[in-house]
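> So I've got this file, protein-v2.txt, and it contains compact mmCIF, C-alpha atoms (C1' of nucleotides):
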```
# COMPACT_ATOMS: atom_id res chain seq x y z
CA MET L 225 -83.74 180.30 172.74
CA THR L 226 -86.94 180.77 174.56
CA VAL L 227 -89.75 182.90 173.32
CA THR L 228 -91.21 183.70 176.63
CA GLU L 229 -88.53 185.52 178.48
CA TRP L 230 -90.34 188.82 178.58
CA LEU L 231 -92.82 187.81 181.23
CA SER L 232 -91.71 187.82 184.83
CA GLU L 233 -91.31 184.43 186.40
CA ASP L 234 -94.59 184.77 188.26
CA GLU L 235 -96.38 185.93 185.17
CA MET L 236 -95.03 183.02 183.18
CA LEU L 237 -96.15 180.64 185.89
CA PHE L 238 -99.54 182.27 185.90
CA TRP L 239 -99.97 182.08 182.14
CA LEU L 240 -98.91 178.47 181.89
CA GLY L 241 -101.13 177.63 184.84
CA PHE L 242 -103.99 179.49 183.27
CA LEU L 243 -103.71 177.60 179.99
CA ALA L 244 -103.21 174.21 181.55
CA THR L 245 -105.85 174.64 184.23
CA THR L 246 -108.60 176.06 182.10
CA GLY L 247 -107.91 173.53 179.39
CA SER L 248 -108.03 170.55 181.66
CA VAL L 249 -110.99 171.72 183.72
CA MET L 250 -113.05 172.37 180.62
CA ALA L 251 -111.98 169.09 179.05
CA GLU L 252 -112.89 167.20 182.19
CA VAL L 253 -116.27 168.85 182.58
CA GLU L 254 -117.14 168.49 178.92
CA ALA L 255 -116.19 164.85 178.86
CA ALA L 256 -118.13 164.09 182.03
CA VAL L 257 -121.25 165.91 180.90
CA LYS L 258 -121.29 164.21 177.56
CA ALA L 259 -120.64 160.78 179.02
CA ASP L 260 -123.12 161.04 181.88
CA ALA L 261 -125.83 163.29 180.56
CA GLY L 262 -125.81 162.50 176.86
CA ILE L 263 -125.74 166.16 175.91
CA ASN L 264 -122.67 168.13 175.06
CA PHE L 265 -121.49 171.08 177.06
CA ASP L 266 -122.24 173.75 174.47
CA ASP L 267 -125.80 172.56 174.05
CA TYR L 268 -126.14 172.38 177.80
CA GLU L 269 -124.98 175.97 178.13
CA VAL L 270 -127.58 177.16 175.65
CA LEU L 271 -130.31 175.46 177.64
CA VAL L 272 -129.01 176.89 180.91
CA HIS L 273 -129.06 180.44 179.61
CA LEU L 274 -132.56 180.02 178.26
CA SER L 275 -133.78 178.44 181.49
CA GLU L 276 -132.52 181.43 183.43
CA ALA L 277 -134.16 183.99 181.16
CA ASP L 278 -137.63 185.45 181.56
CA ASP L 279 -140.17 183.24 179.85
CA HIS L 280 -137.33 180.88 178.99
CA GLU L 281 -136.51 182.82 175.87
CA LEU L 282 -133.75 185.07 174.57
CA ARG L 283 -133.00 186.98 171.42
CA MET L 284 -130.52 185.15 169.26
CA SER L 285 -127.98 187.92 169.44
CA ASP L 286 -128.35 188.20 173.19
CA LEU L 287 -127.82 184.49 173.61
CA GLY L 288 -124.84 184.62 171.30
CA ASP L 289 -123.26 187.39 173.33
CA ARG L 290 -123.64 185.48 176.56
CA LEU L 291 -122.14 182.36 175.10
CA LEU L 292 -119.38 184.24 173.25
CA HIS L 293 -120.59 182.49 170.12
CA SER L 294 -120.51 184.06 166.70
CA ARG L 295 -123.83 184.66 165.03
CA SER L 296 -123.55 181.88 162.53
CA ARG L 297 -122.34 179.47 165.14
CA LEU L 298 -125.37 180.22 167.25
CA THR L 299 -127.74 179.97 164.31
CA GLN L 300 -126.50 176.51 163.60
CA ARG L 301 -126.39 175.41 167.20
CA VAL L 302 -129.99 176.48 167.61
CA ASP L 303 -130.80 174.65 164.36
CA ARG L 304 -129.46 171.48 165.87
CA LEU L 305 -131.20 171.99 169.18
CA THR L 306 -134.41 172.67 167.31
CA LYS L 307 -134.02 169.46 165.36
CA LYS L 308 -133.67 167.66 168.67
CA GLY L 309 -136.75 169.37 169.98
CA PHE L 310 -135.06 171.17 172.88
CA VAL L 311 -135.49 174.68 171.55
CA ARG L 312 -137.81 176.43 169.15
CA ARG L 313 -137.73 179.84 167.51
CA HIS L 314 -140.28 182.55 167.24
CA LYS L 315 -140.10 185.87 165.52
CA SER L 316 -140.13 189.04 167.51
CA ALA L 317 -143.24 191.15 167.13
CA GLU L 318 -141.65 194.51 167.98
CA ASP L 319 -138.47 194.17 165.96
CA ARG L 320 -139.27 192.15 162.94
CA ARG L 321 -135.64 191.41 162.25
CA GLY L 322 -135.45 189.66 165.56
CA THR L 323 -135.78 186.01 166.52
CA TYR L 324 -136.15 184.49 169.94
CA ALA L 325 -134.87 181.10 170.91
CA VAL L 326 -137.28 179.49 173.34
CA LEU L 327 -136.70 176.55 175.64
CA THR L 328 -139.21 173.75 175.03
CA ASP L 329 -140.57 171.39 177.66
CA GLU L 330 -138.33 168.69 176.29
CA GLY L 331 -135.40 171.08 176.56
CA LEU L 332 -136.22 171.85 180.14
CA ALA L 333 -136.58 168.15 180.87
CA ILE L 334 -133.18 167.24 179.40
CA LEU L 335 -131.64 170.16 181.21
CA GLN L 336 -133.02 169.01 184.53
CA LYS L 337 -131.86 165.51 183.78
CA ALA L 338 -128.37 166.71 182.88
CA ALA L 339 -127.95 169.23 185.66
CA PRO L 340 -126.90 166.86 188.45
CA ASP L 341 -124.28 165.26 186.22
CA HIS L 342 -123.03 168.67 185.23
CA LEU L 343 -122.81 169.87 188.79
CA ARG L 344 -121.04 166.76 189.90
CA ALA L 345 -118.52 167.22 187.11
CA VAL L 346 -117.90 170.83 188.10
CA ARG L 347 -117.44 169.82 191.72
CA THR L 348 -115.03 167.05 190.84
CA ALA L 349 -112.99 169.12 188.43
CA LEU L 350 -112.97 172.25 190.52
CA PHE L 351 -114.60 172.80 193.87
CA ASP L 352 -113.50 169.58 195.51
CA LYS L 353 -109.99 170.96 195.15
CA LEU L 354 -110.69 174.43 196.55
CA ASP L 355 -111.42 175.67 200.03
CA ALA L 356 -113.69 178.64 200.67
CA ASP L 357 -110.75 181.05 200.76
CA LEU L 358 -109.47 180.04 197.38
CA VAL L 359 -112.95 180.32 195.94
CA ARG L 360 -113.27 183.87 197.17
CA THR L 361 -109.78 184.64 195.98
CA GLY L 362 -110.66 183.32 192.56
CA CYS L 363 -113.75 185.51 192.39
CA ASN L 364 -111.58 188.54 192.99
CA LEU L 365 -109.13 187.46 190.38
CA PHE L 366 -111.81 186.95 187.75
CA ALA L 367 -113.41 190.25 188.65
CA ALA L 368 -110.09 192.02 188.15
CA ILE L 369 -109.51 190.44 184.77
CA HIS L 370 -112.98 190.57 183.40
CA SER L 371 -114.21 193.59 185.30
CA ASN L 372 -117.13 195.14 183.55
CA GLY L 373 -118.07 192.37 181.25
CA GLN L 374 -117.64 194.55 178.20
CA ASP L 375 -116.57 191.78 175.93
CA GLU L 376 -116.14 191.73 172.29
CA PRO L 377 -118.03 188.66 171.32
CA PRO L 378 -116.50 187.16 168.20
CA LYS L 379 -117.34 188.82 164.84
CA MET A 283 -136.61 177.45 188.17
CA THR A 284 -132.87 177.64 188.22
CA VAL A 285 -130.63 174.72 187.58
CA THR A 286 -127.70 175.93 189.51
CA GLU A 287 -128.95 176.25 193.01
CA TRP A 288 -126.70 173.56 194.41
CA LEU A 289 -123.55 175.61 194.34
CA SER A 290 -122.94 178.10 197.08
CA GLU A 291 -123.19 181.73 196.12
CA ASP A 292 -119.43 182.10 196.03
CA GLU A 293 -119.00 178.95 194.03
CA MET A 294 -121.58 180.08 191.54
CA LEU A 295 -119.82 183.41 191.20
CA PHE A 296 -116.53 181.61 190.77
CA TRP A 297 -117.86 179.29 188.09
CA LEU A 298 -119.53 182.02 186.09
CA GLY A 299 -116.42 184.15 186.43
CA PHE A 300 -114.27 181.26 185.36
CA LEU A 301 -116.29 180.62 182.22
CA ALA A 302 -116.63 184.27 181.27
CA THR A 303 -113.04 185.20 182.05
CA THR A 304 -111.32 182.29 180.42
CA GLY A 305 -113.58 182.57 177.40
CA SER A 306 -112.99 186.24 176.87
CA VAL A 307 -109.26 186.17 177.59
CA MET A 308 -108.72 183.36 175.14
CA ALA A 309 -110.92 185.00 172.53
CA GLU A 310 -109.05 188.25 172.90
CA VAL A 311 -105.62 186.68 172.71
CA GLU A 312 -106.55 184.46 169.79
CA ALA A 313 -108.02 187.35 167.85
CA ALA A 314 -105.04 189.58 168.51
CA VAL A 315 -102.50 186.94 167.57
CA LYS A 316 -104.26 186.08 164.37
CA ALA A 317 -104.74 189.71 163.40
CA ASP A 318 -101.24 190.89 164.27
CA ALA A 319 -99.06 187.90 163.67
CA GLY A 320 -100.88 186.12 160.87
CA ILE A 321 -100.73 182.77 162.61
CA ASN A 322 -103.46 181.31 164.71
CA PHE A 323 -103.09 180.59 168.38
CA ASP A 324 -103.14 176.79 168.13
CA ASP A 325 -100.41 176.81 165.52
CA TYR A 326 -98.47 179.27 167.61
CA GLU A 327 -98.70 176.98 170.62
CA VAL A 328 -97.35 174.05 168.65
CA LEU A 329 -94.35 176.10 167.58
CA VAL A 330 -93.76 177.34 171.14
CA HIS A 331 -93.70 173.83 172.55
CA LEU A 332 -91.32 172.67 169.87
CA SER A 333 -89.08 175.69 170.35
CA GLU A 334 -88.76 174.90 174.02
CA ALA A 335 -87.92 171.24 173.49
CA ASP A 336 -84.44 169.79 173.12
CA ASP A 337 -83.37 169.91 169.49
CA HIS A 338 -86.64 171.64 168.72
CA GLU A 339 -88.45 168.34 168.37
CA LEU A 340 -91.06 166.32 170.23
CA ARG A 341 -92.80 163.01 169.82
CA MET A 342 -96.28 163.46 168.41
CA SER A 343 -97.91 161.94 171.44
CA ASP A 344 -95.85 164.05 173.79
CA LEU A 345 -96.76 167.20 171.93
CA GLY A 346 -100.40 166.17 171.91
CA ASP A 347 -100.38 165.64 175.66
CA ARG A 348 -98.93 169.06 176.29
CA LEU A 349 -101.44 170.75 174.06
CA LEU A 350 -104.35 168.67 175.34
CA HIS A 351 -105.01 167.77 171.73
CA SER A 352 -106.36 164.43 170.63
CA ARG A 353 -104.11 162.32 168.48
CA SER A 354 -105.99 162.85 165.28
CA ARG A 355 -106.27 166.54 165.90
CA LEU A 356 -102.53 166.80 166.34
CA THR A 357 -101.84 164.67 163.29
CA GLN A 358 -103.85 167.05 161.19
CA ARG A 359 -102.52 170.18 162.77
CA VAL A 360 -98.98 169.00 162.10
CA ASP A 361 -100.07 168.16 158.55
CA ARG A 362 -101.11 171.75 158.07
CA LEU A 363 -97.99 173.15 159.69
CA THR A 364 -95.91 170.88 157.51
CA LYS A 365 -97.68 172.12 154.41
CA LYS A 366 -96.82 175.65 155.48
CA GLY A 367 -93.21 174.64 156.03
CA PHE A 368 -93.06 175.44 159.74
CA VAL A 369 -92.69 171.87 160.94
CA ARG A 370 -91.47 168.62 159.52
CA ARG A 371 -91.68 165.03 160.70
CA HIS A 372 -89.10 162.37 161.11
CA LYS A 373 -89.48 158.82 162.22
CA SER A 374 -88.00 157.69 165.48
CA ALA A 375 -85.10 155.30 165.20
CA GLU A 376 -85.52 153.62 168.57
CA ASP A 377 -89.28 153.16 168.53
CA ARG A 378 -90.30 152.59 165.00
CA ARG A 379 -93.92 153.41 165.73
CA GLY A 380 -92.86 156.86 166.75
CA THR A 381 -92.77 160.13 164.88
CA TYR A 382 -91.15 163.37 165.87
CA ALA A 383 -92.43 166.78 164.91
CA VAL A 384 -89.49 169.10 164.32
CA LEU A 385 -89.46 172.87 164.13
CA THR A 386 -88.02 174.12 160.86
CA ASP A 387 -86.05 177.32 160.42
CA GLU A 388 -89.12 178.89 158.84
CA GLY A 389 -91.14 177.79 161.85
CA LEU A 390 -88.67 179.36 164.23
CA ALA A 391 -88.67 182.52 162.17
CA ILE A 392 -92.44 182.88 162.18
CA LEU A 393 -92.49 182.11 165.87
CA GLN A 394 -90.00 184.84 166.60
CA LYS A 395 -91.94 187.19 164.43
CA ALA A 396 -95.22 186.35 166.18
CA ALA A 397 -93.89 186.29 169.74
CA PRO A 398 -93.98 190.02 170.44
CA ASP A 399 -97.55 190.28 169.19
CA HIS A 400 -98.51 187.31 171.29
CA LEU A 401 -96.91 188.72 174.39
CA ARG A 402 -98.51 192.06 173.89
CA ALA A 403 -101.90 190.38 173.54
CA VAL A 404 -101.38 188.43 176.74
CA ARG A 405 -100.35 191.58 178.56
CA THR A 406 -103.32 193.51 177.31
CA ALA A 407 -105.84 190.79 178.03
CA LEU A 408 -104.39 189.77 181.34
CA PHE A 409 -101.39 191.21 183.07
CA ASP A 410 -102.19 194.86 182.55
CA LYS A 411 -105.19 194.21 184.77
CA LEU A 412 -103.37 192.38 187.54
CA ASP A 413 -100.96 193.54 190.21
CA ALA A 414 -98.19 191.32 191.51
CA ASP A 415 -100.32 190.08 194.40
CA LEU A 416 -103.10 188.91 192.15
CA VAL A 417 -100.63 187.18 189.91
CA ARG A 418 -99.21 185.25 192.83
CA THR A 419 -102.70 184.52 194.06
CA GLY A 420 -103.62 183.14 190.66
CA CYS A 421 -100.60 180.87 190.63
CA ASN A 422 -101.72 179.38 193.90
CA LEU A 423 -105.22 178.94 192.64
CA PHE A 424 -104.11 177.18 189.48
CA ALA A 425 -101.73 175.01 191.45
CA ALA A 426 -104.55 173.93 193.73
CA ILE A 427 -106.84 173.07 190.85
CA HIS A 428 -104.36 171.49 188.55
CA SER A 429 -101.95 170.21 191.17
CA ASN A 430 -99.81 167.47 189.74
CA GLY A 431 -100.51 167.87 186.11
CA GLN A 432 -101.85 164.37 185.79
CA ASP A 433 -104.33 165.16 183.12
CA GLU A 434 -106.31 162.97 180.96
CA PRO A 435 -105.64 164.38 177.57
CA PRO A 436 -108.64 163.77 175.34
CA LYS A 437 -109.07 160.28 173.91
C1' DC W 73 -139.78 211.43 153.16
C1' DT W 74 -135.69 209.28 151.40
C1' DA W 75 -131.14 207.73 151.06
C1' DA W 76 -127.51 205.95 153.60
C1' DT W 77 -126.08 203.24 157.14
C1' DA W 78 -126.57 199.94 160.82
C1' DT W 79 -128.39 195.76 162.91
C1' DA W 80 -130.47 190.85 163.17
C1' DG W 81 -130.26 186.66 161.54
C1' DT W 82 -129.31 183.12 158.01
C1' DT W 83 -126.79 180.65 154.29
C1' DC W 84 -122.99 178.59 152.11
C1' DA W 85 -118.41 176.85 151.35
C1' DA W 86 -114.01 176.11 153.30
C1' DG W 87 -111.55 174.59 157.10
C1' DA W 88 -111.10 172.18 161.65
C1' DT W 89 -112.32 168.63 165.17
C1' DT W 90 -114.11 164.25 166.74
C1' DG W 91 -114.24 159.48 167.31
C1' DA W 92 -114.11 155.01 165.42
C1' DA W 93 -111.43 152.02 162.58
C1' DT W 94 -106.95 150.68 160.94
C1' DA W 95 -101.97 149.56 160.43
C1' DA W 96 -97.64 149.07 162.33
C1' DT W 97 -94.70 148.14 166.04
C1' DA W 98 -93.69 147.04 171.13
C1' DT W 99 -94.19 144.75 175.44
C1' DG W 100 -95.48 141.28 178.81
C1' DC W 101 -96.26 136.74 180.02
C1' DA W 102 -96.81 131.71 179.64
C1' DT H 266 -90.49 131.61 171.45
C1' DG H 267 -95.16 132.99 170.44
C1' DC H 268 -99.54 134.91 171.58
C1' DA H 269 -102.29 138.47 173.61
C1' DT H 270 -102.47 143.05 174.67
C1' DA H 271 -100.88 147.94 174.45
C1' DT H 272 -99.10 151.86 172.25
C1' DT H 273 -98.21 155.11 168.31
C1' DA H 274 -99.82 157.40 164.67
C1' DT H 275 -102.84 157.96 160.73
C1' DT H 276 -107.18 157.87 157.95
C1' DC H 277 -111.94 158.64 157.03
C1' DA H 278 -116.63 160.17 157.57
C1' DA H 279 -119.58 162.83 160.30
C1' DT H 280 -120.05 166.91 162.80
C1' DC H 281 -118.99 171.59 163.96
C1' DT H 282 -116.98 176.31 163.34
C1' DT H 283 -115.54 180.28 160.66
C1' DG H 284 -116.10 184.15 157.87
C1' DA H 285 -117.93 186.31 153.98
C1' DA H 286 -122.05 187.23 151.43
C1' DC H 287 -126.82 187.97 151.65
C1' DT H 288 -131.78 189.23 153.00
C1' DA H 289 -134.69 191.76 155.66
C1' DT H 290 -135.79 195.26 158.76
C1' DA H 291 -134.67 199.47 161.57
C1' DT H 292 -132.57 203.93 162.44
C1' DT H 293 -130.42 208.21 161.37
C1' DA H 294 -129.29 212.32 158.84
C1' DG H 295 -130.35 215.49 155.35
```
Please go through the file and, once you have read it, give me the structure as structure tokens.

Amino acid sequence: MTVTEWLSEDEMLFWLGFLATTGSVMAEVEAAVKADAGINFDDYEVLVHLSEADDHELRMSDLGDRLLHSRSRLTQRVDRLTKKGFVRRHKSAEDRRGTYAVLTDEGLAILQKAAPDHLRAVRTALFDKLDADLVRTGCNLFAAIHSNGQDEPPK
Amino acid sequence: MTVTEWLSEDEMLFWLGFLATTGSVMAEVEAAVKADAGINFDDYEVLVHLSEADDHELRMSDLGDRLLHSRSRLTQRVDRLTKKGFVRRHKSAEDRRGTYAVLTDEGLAILQKAAPDHLRAVRTALFDKLDADLVRTGCNLFAAIHSNGQDEPPK
DNA sequence: CTAATATAGTTCAAGATTGAATAATATGCA
DNA sequence: TGCATATTATTCAATCTTGAACTATATTAG
């Protein structure tokens, strides 16, 4: 008995490849970043998103949506990053329910320190194995799957 | 300042697409499986691997490698599945360090019950958006990245 | 204006994962 | 054989995530 007989052969191959590939790429990158840069991947991602935002700050909910993190997960991740001094919060003036997470100088510094390690990990896990054609091909594939970015972030 | 300027434009697009796509596909499938089938995706995956193995059983380490789970993670996941009655353990006769995880009848039943929901989720999140060409394209892409499956499972 | 509803963010407890330490057994080599 | 090293699996404490409940503020409809 096999549970998976209702996908075509190609689809099955795709799905297994998808699971195995994404799992191992992420595991490899996460391990390399933590080992080399001393910061874990999720924290790194928070800092990246903040660094790319205007004034290095984002609303909590906005940041959570980008990271596909639930609200409480983000609250606690930002708590930890705040404790480490890489991020701070400040209340929004216009919408008094709102909170911004802001990248600190220390956060920017650790990000800049970690970035080369991160990039090297991504190259090793991914782009060293792909030629330009496959990269473009992959972009098309992701665009088809993800299309208009209307995700449902968890919760 | 942007941290990511050392990837080409296509590579950057690929990497962002990779993160966003894999994240949202997995989130969608996991949410759908849990909601519809009443079993979470990681548990489901354990049962699938066991169901596909000879005699519906696998060595713990073997199962862990396939799932890219660390040893302790798998130990505890199998603990939970055992408590639910979907899996049981038995010691290996040949290698007395070894333990097999075995699918129980209840485990097979829940797997069969969950499988249609799982498949429908995978179709909705993925294959409904892809034509046959893109599927084949994706297989090639995953093959190039993952090539010979020589992973380093965590730990 | 006010009541009802929606949204932003946090808190708390339960559940899950990580990584180091441990115990038991196997294997390789002198 | 016997010792050193490797492998298999588990345990435990620390860390992290989940999801429901909660507080505070905003928006909408009557």
> Can you pull out the residues contacting A:His428? Cut-off 12 Å, using only C-alpha atoms (C1' of nucleotides), and skip same-chain residues under 5 positions away; I want them as a ChimeraX atom specification.
/L:240-250,252,348-354 /A:420-423,433-434
> Identify, on the basis of all atoms listed in the file, every residue whose closest approach to W:DT97 does not exceed 8 Å; exclude the query and any residue fewer than 2 positions from it along the same chain; express the result as a ChimeraX atom specification.
/A:377-379
> At a cut-off of 12 Å, using all atoms listed in the file, what residues contact H:DG267? Leave out same-chain residues fewer than 5 positions from it and give the result as a PyMOL selection string.
chain W and resi 100-102
> Using all atoms listed in the file, what does the table of chain H residues within 12 Å of stretch 332-344 of chain A look like, with each row giving the shortest atom pair and its distance in Å to one decimal, sorted by chain and ascending number, as JSON lines?

```
{"residue": "H:DT272", "atom": "C1'", "partner": "A:Ser343", "partner_atom": "CA", "distance": 10.2}
{"residue": "H:DT273", "atom": "C1'", "partner": "A:Ser343", "partner_atom": "CA", "distance": 7.5}
{"residue": "H:DA274", "atom": "C1'", "partner": "A:Met342", "partner_atom": "CA", "distance": 8.0}
{"residue": "H:DT275", "atom": "C1'", "partner": "A:Met342", "partner_atom": "CA", "distance": 11.5}
```
> Show me a table, sorted first by chain and then by increasing residue number, of the residues of chain L having an atom at most 10 Å from chain H, each with its shortest atom pair and the distance in Å to one decimal, counting all atoms listed in the file and written as a tab-separated table.

```
residue	atom	partner	partner_atom	distance
L:His293	CA	H:DT282	C1'	9.9
L:Ser294	CA	H:DT283	C1'	8.7
L:Ser296	CA	H:DT283	C1'	8.4
L:Arg297	CA	H:DT282	C1'	6.5
L:Gln300	CA	H:DC281	C1'	9.0
L:Arg301	CA	H:DC281	C1'	8.9
L:Asp319	CA	H:DT290	C1'	7.8
L:Arg320	CA	H:DT290	C1'	6.3
L:Arg321	CA	H:DT290	C1'	5.2
L:Gly322	CA	H:DT290	C1'	8.8
L:Lys379	CA	H:DG284	C1'	8.5
```
> Do you have the atom CA of L:Arg295-atom CA of L:Ala251 distance handy?
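Atom-to-atom, atom CA of L:Arg295 and atom CA of L:Ala251 are spaced 24.1 Å apart.
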> Distance cut-off 9 Å, counting all atoms listed in the file - which residues of chain W neighbour chain A? Return them as a PyMOL selection string.
chain W and resi 88-91+96-98
> What is the distance between atom CA of A:Arg362 and atom CA of A:Val404, in Å to one decimal?
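Interatomic distance here is 25.0 Å.
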